[in-house]
Amino acid sequence: MSRRGRVALTQFAIVLGLILIWELGVWAGLIDPFFFPAPSTLVARIGEWMSTADFWTDIGITLLETVLSFLAGIWIGTALGIWLGLSPFAAEVVQPFIKMFNAIPRILLGPIFVIWFGLGLTSKVALGVTLVLFVAFFNTFQGVREVNPVVLANARLLRASKSSLLRHVYLPSATTWILSSLRVSVGMAVMGAVVAEYLGSSAGLGHLIAQAEGVLDATGVFAGIIVLSAFVVVLDAIVDCAEKRLLVWRPAPAHES
Amino acid sequence: MGRPGLAVDLRDVMIRFGDFTAVKSMNLQVAETEFVAVVGPTGCGKSTILNTVTGLLKPAAGDVRIFGKSLTGLNGQSGYMLQQEGLLPWKTAQDNVGLGLVFQGSSIAKAREQARPWLAKVGLRGFEERYPHQLSGGQRKRVAMAQTLIMEPKIVLMDEPFSALDVHTRRLMHRILLDLWQADRRSLIFITHDLDEAITLADRVVVMSAGPASGMVADVRIGLPRPRDVSALQTTDEFVALYREIWSLLGAEVEKSYVTQG
């Protein structure tokens with residue numbers, strides 16, 4: 001069997017083993033189902049959820065918040081990164097402020113955003129944006145700064161205008177950096193949305209978990225967490241696809257020609 | 001002033017970087033359709049000369065004339081092929097070749113259409129959709145050559161373009177370059193440290209003295225008939241005689257550069 005097959009099989013065995021021990025433990029009375037509800041109960045709960053319309057609304061709302069904060073964050077971060085990357089003066093001026101802002105644990109901004117923007121969509125997106133923005137910004141900034149000087153000189157010798165340089169040299173160079181950070185950005189966007197929902201909202205996966213927690217329903221919390229992980233895994237796969245398509249020009253790491 | 005028919009005319013050009021005099025006094029005249037090779041020891045300011053002709057560097061003294069007119073700002077008539085790799089890794093071979101056209105406002109589709117025949121001219125038909133990392137070093141050089149020449153510059157500047165290639169690939173590049181130049185003759189200034197290469201390609205070989213404060217030591221006309229057969233040429237008596245003659249001048253300068261640079 002191939003190495004990859006063996007790895008997958010081992011992983012599968014570990015997961016299956018853990019679930020089995022857990023299930024049997026609950027069944028034999030060794031594990032208290034109040035704190036650790038049996039996997040079968042969790043599956044039943046998720047199945048129950050999936051048959052209700054509310055659950056799908058929750059997923060839809062969290063997805064919408066995630067996508068909006070992801071796009072807005074990437075957009076603002078990229079614009080900021082390009083601007084500061086191309087203007088050393090501005091970069092020097094703004095740097096300490098950016099560092100300061102980035103040092104604030106963003107979760108703490110959640111309550112403020114709820115006060116400012118209310119319990120609706122805006123406060124969730126705002127929190128997600130503050131998380132995604134910095135990842136996109138730092139990567140774009142780096143990408144713009146680390147454009148190969150020979151490539152740049154060559155483009156200039158071919159009489160590229162400033163806007164041409166931006167479009168054909170700086171942006172593609174930064175794109176590789178932004179793309180390689182996409183996965184982190186998506187994770188950040190999900191985190192922003194869910195945490196903000198958890199702090200105060202009327203719908204979404206975070207809200208679902210918060211509700212379950214409010215009535216000490218461990219089954220609901222665990223089931224919510226599982227749904228959330230599946231949600232992130234799906235998004236991750238989509239990002240993976242996008243990355244592969246956009247970076248076709250990059251040499252494969254293993255076999256360089 | 002300026003003699004008619006001269007594409008490039010450098011008169012007593014001095015180049016300084018702060019207190020450091022890189023080139024003390026350089027005279028270089030290149031006629032239209034003439035192929036001039038500039039040889040000299042490492043650090044003698046060969047590349048500096050090209051940067052002066054493009055207008056990237058302003059001489060501290062002396063006169064730079066392009067087609068009889070004093071050069072102000074950037075030289076709009078020159079195309080420059082760098083020594084190092086300058087292709088955009090995220091563009092295919094044909095898009096890299098057409099890059100200059102796109103920069104001048106041509107549409108991508110139109111640039112591609114013009115780029116394809118140029119890829120064929122440098123022997124890369126069928127490689128249109130390859131990205132630079134999928135090409136060999138020599139193939140990338142050919143793309144770079146097409147990228148410079150597609151702009152049809154009146155003055156072509158090449159700064160040790162083939163120095164990183166192995167001998168066989170280099171000879172192939174010489175053949176392609178000579179074929180292209182023979183078909184459509186332009187002024188060409190070719191910087192190299194390889195005397196074989198200089199004699200093989202050029203109408204004239206200009207020898208520079210060791211830097212700093214370098215200048216021109218000799219200007220030797222290469223009377224070898226054209227079109228030239230790159231592979232057979234180097235064993236002919238004329239070639240060997242020219243090599244000896246120029247090396248007697250260049251060799252001394254190379255020795256000097258060892259002394260000053262350690």
# chains A, B, ... in the order shown; residues from 1 in each chain; ligands from 1
>>> closest_atom_pairs(of="chain A", to="chain B", cutoff="10 Å", atoms="only C-alpha atoms", output="CSV")
residue,atom,partner,partner_atom,distance
A:Asn148,CA,B:Gly86,CA,8.5
A:Pro149,CA,B:Gly86,CA,8.6
A:Val150,CA,B:Gly86,CA,5.3
A:Val151,CA,B:Gly86,CA,4.2
A:Leu152,CA,B:Gly86,CA,7.5
A:Ala153,CA,B:Gly86,CA,7.6
A:Asn154,CA,B:Gly86,CA,5.4
A:Ala155,CA,B:Gly86,CA,7.8
A:Arg156,CA,B:Gly100,CA,9.6
A:Leu157,CA,B:Tyr80,CA,6.6
A:Leu158,CA,B:Gly100,CA,5.2
A:Arg159,CA,B:Phe103,CA,6.7
A:Ala160,CA,B:Phe103,CA,5.1
A:Ser161,CA,B:Phe103,CA,6.9
A:Lys162,CA,B:Phe103,CA,10.0
A:Ser163,CA,B:Phe103,CA,9.4
A:Ser164,CA,B:Phe103,CA,6.2
A:Leu165,CA,B:Phe103,CA,8.7
A:His168,CA,B:Leu88,CA,8.4
A:Val169,CA,B:Leu88,CA,7.5
A:Pro172,CA,B:Trp90,CA,7.2
A:Ser173,CA,B:Trp90,CA,8.3
A:Thr176,CA,B:Trp90,CA,9.6
A:Leu246,CA,B:Trp90,CA,9.6
A:Leu247,CA,B:Trp90,CA,8.0
A:Val248,CA,B:Trp90,CA,8.2
A:Trp249,CA,B:Trp90,CA,5.2
A:Arg250,CA,B:Trp90,CA,7.2
A:Pro251,CA,B:His133,CA,6.0
A:Ala252,CA,B:His133,CA,9.3
A:Glu256,CA,B:His133,CA,7.6
A:Ser257,CA,B:Gln134,CA,6.0
>>> residues_around(residues="region 119-127 of chain A", least_positions_apart="4", cutoff="8 Å", atoms="only C-alpha atoms", output="ChimeraX atom specification")
/A:65-66,68-69,106-107,109-110,113-114,131,192-194,196-197,200-202
>>> write_last_selection(atoms="C-alpha atoms", output="PDB file, in the first residue's frame")
ATOM      1  CA  GLU A  65     -20.893  36.751   7.627  1.00  0.00           C
ATOM      2  CA  THR A  66     -17.757  34.737   6.948  1.00  0.00           C
ATOM      3  CA  LEU A  68     -18.447  39.195   3.737  1.00  0.00           C
ATOM      4  CA  SER A  69     -15.767  39.695   6.372  1.00  0.00           C
ATOM      5  CA  ARG A 106      -9.590  41.337  18.694  1.00  0.00           C
ATOM      6  CA  ILE A 107     -12.163  39.319  20.642  1.00  0.00           C
ATOM      7  CA  LEU A 109     -13.627  44.451  20.217  1.00  0.00           C
ATOM      8  CA  GLY A 110     -16.660  42.163  19.886  1.00  0.00           C
ATOM      9  CA  PHE A 113     -18.988  46.310  17.842  1.00  0.00           C
ATOM     10  CA  VAL A 114     -22.237  44.944  19.302  1.00  0.00           C
ATOM     11  CA  LEU A 131      -9.119  39.746  12.053  1.00  0.00           C
ATOM     12  CA  GLY A 192     -14.754  36.505  13.832  1.00  0.00           C
ATOM     13  CA  ALA A 193     -18.245  35.531  12.755  1.00  0.00           C
ATOM     14  CA  VAL A 194     -18.747  32.771  15.306  1.00  0.00           C
ATOM     15  CA  ALA A 196     -19.337  37.708  17.498  1.00  0.00           C
ATOM     16  CA  GLU A 197     -22.432  35.528  17.247  1.00  0.00           C
ATOM     17  CA  GLY A 200     -24.611  38.421  21.143  1.00  0.00           C
ATOM     18  CA  SER A 201     -26.881  37.625  18.243  1.00  0.00           C
ATOM     19  CA  SER A 202     -30.163  36.062  17.256  1.00  0.00           C
TER      20      SER A 202
END
>>> select_by_dssp(residues="region 19-218 of chain B", states="alpha helix (DSSP H)", output="MDAnalysis selection string")
chainID B and resid 46:54 93:97 99:103 108:121 137:149 167:183 195:201
>>> residues_around(residues="Ser214 (chain B)", least_positions_apart="6", cutoff="6 Å", atoms="only C-alpha atoms", output="JSON, numbers by chain")
{"B": [23, 24, 44]}
>>> atom_distance(atom1="CA of Gly224 (chain A)", atom2="CA of Ile209 (chain A)")
5.6 Å
>>> residues_around(residues="Gly5 (chain B)", least_positions_apart="5", cutoff="12 Å", atoms="only C-alpha atoms", output="list of chain:residue names")
B:Gln29, B:Val30, B:Ala31, B:Glu32, B:Thr33, B:Glu34, B:Arg65, B:Ile66, B:Phe67, B:Gly68, B:Lys69, B:Arg186, B:Ser187
>>> write_last_selection(atoms="N, CA and C atoms", output="PDB file, in the first residue's frame")
ATOM      1  N   GLN B  29      31.754  55.268 -30.227  1.00  0.00           N
ATOM      2  CA  GLN B  29      30.874  55.632 -31.331  1.00  0.00           C
ATOM      3  C   GLN B  29      30.340  54.359 -31.970  1.00  0.00           C
ATOM      4  N   VAL B  30      29.037  54.290 -32.084  1.00  0.00           N
ATOM      5  CA  VAL B  30      28.425  53.121 -32.715  1.00  0.00           C
ATOM      6  C   VAL B  30      27.569  53.605 -33.875  1.00  0.00           C
ATOM      7  N   ALA B  31      27.895  53.131 -35.057  1.00  0.00           N
ATOM      8  CA  ALA B  31      27.134  53.544 -36.235  1.00  0.00           C
ATOM      9  C   ALA B  31      25.812  52.796 -36.279  1.00  0.00           C
ATOM     10  N   GLU B  32      24.895  53.298 -37.093  1.00  0.00           N
ATOM     11  CA  GLU B  32      23.650  52.571 -37.308  1.00  0.00           C
ATOM     12  C   GLU B  32      24.002  51.213 -37.900  1.00  0.00           C
ATOM     13  N   THR B  33      23.294  50.208 -37.531  1.00  0.00           N
ATOM     14  CA  THR B  33      23.479  48.826 -38.006  1.00  0.00           C
ATOM     15  C   THR B  33      24.828  48.216 -37.621  1.00  0.00           C
ATOM     16  N   GLU B  34      25.542  48.837 -36.696  1.00  0.00           N
ATOM     17  CA  GLU B  34      26.844  48.289 -36.313  1.00  0.00           C
ATOM     18  C   GLU B  34      26.741  47.482 -35.018  1.00  0.00           C
ATOM     19  N   ARG B  65      25.234  61.459 -27.107  1.00  0.00           N
ATOM     20  CA  ARG B  65      24.335  61.780 -28.202  1.00  0.00           C
ATOM     21  C   ARG B  65      23.730  60.510 -28.772  1.00  0.00           C
ATOM     22  N   ILE B  66      22.423  60.555 -29.009  1.00  0.00           N
ATOM     23  CA  ILE B  66      21.727  59.430 -29.619  1.00  0.00           C
ATOM     24  C   ILE B  66      21.173  59.923 -30.948  1.00  0.00           C
ATOM     25  N   PHE B  67      21.604  59.338 -32.028  1.00  0.00           N
ATOM     26  CA  PHE B  67      21.238  59.787 -33.378  1.00  0.00           C
ATOM     27  C   PHE B  67      21.434  61.294 -33.510  1.00  0.00           C
ATOM     28  N   GLY B  68      22.575  61.760 -33.007  1.00  0.00           N
ATOM     29  CA  GLY B  68      22.938  63.164 -33.179  1.00  0.00           C
ATOM     30  C   GLY B  68      22.336  64.114 -32.170  1.00  0.00           C
ATOM     31  N   LYS B  69      21.341  63.617 -31.389  1.00  0.00           N
ATOM     32  CA  LYS B  69      20.703  64.529 -30.418  1.00  0.00           C
ATOM     33  C   LYS B  69      21.200  64.231 -29.021  1.00  0.00           C
ATOM     34  N   ARG B 186      20.522  46.310 -36.660  1.00  0.00           N
ATOM     35  CA  ARG B 186      20.353  47.471 -35.796  1.00  0.00           C
ATOM     36  C   ARG B 186      21.676  47.734 -35.101  1.00  0.00           C
ATOM     37  N   SER B 187      21.748  48.876 -34.452  1.00  0.00           N
ATOM     38  CA  SER B 187      22.930  49.129 -33.634  1.00  0.00           C
ATOM     39  C   SER B 187      22.853  48.239 -32.420  1.00  0.00           C
TER      40      SER B 187
END
>>> atom_distance(atom1="CA of Val13 (chain B)", atom2="CA of Lys58 (chain B)")
9.6 Å
>>> atom_distance(atom1="CA of Met158 (chain B)", atom2="CA of Met145 (chain B)")
9.2 Å
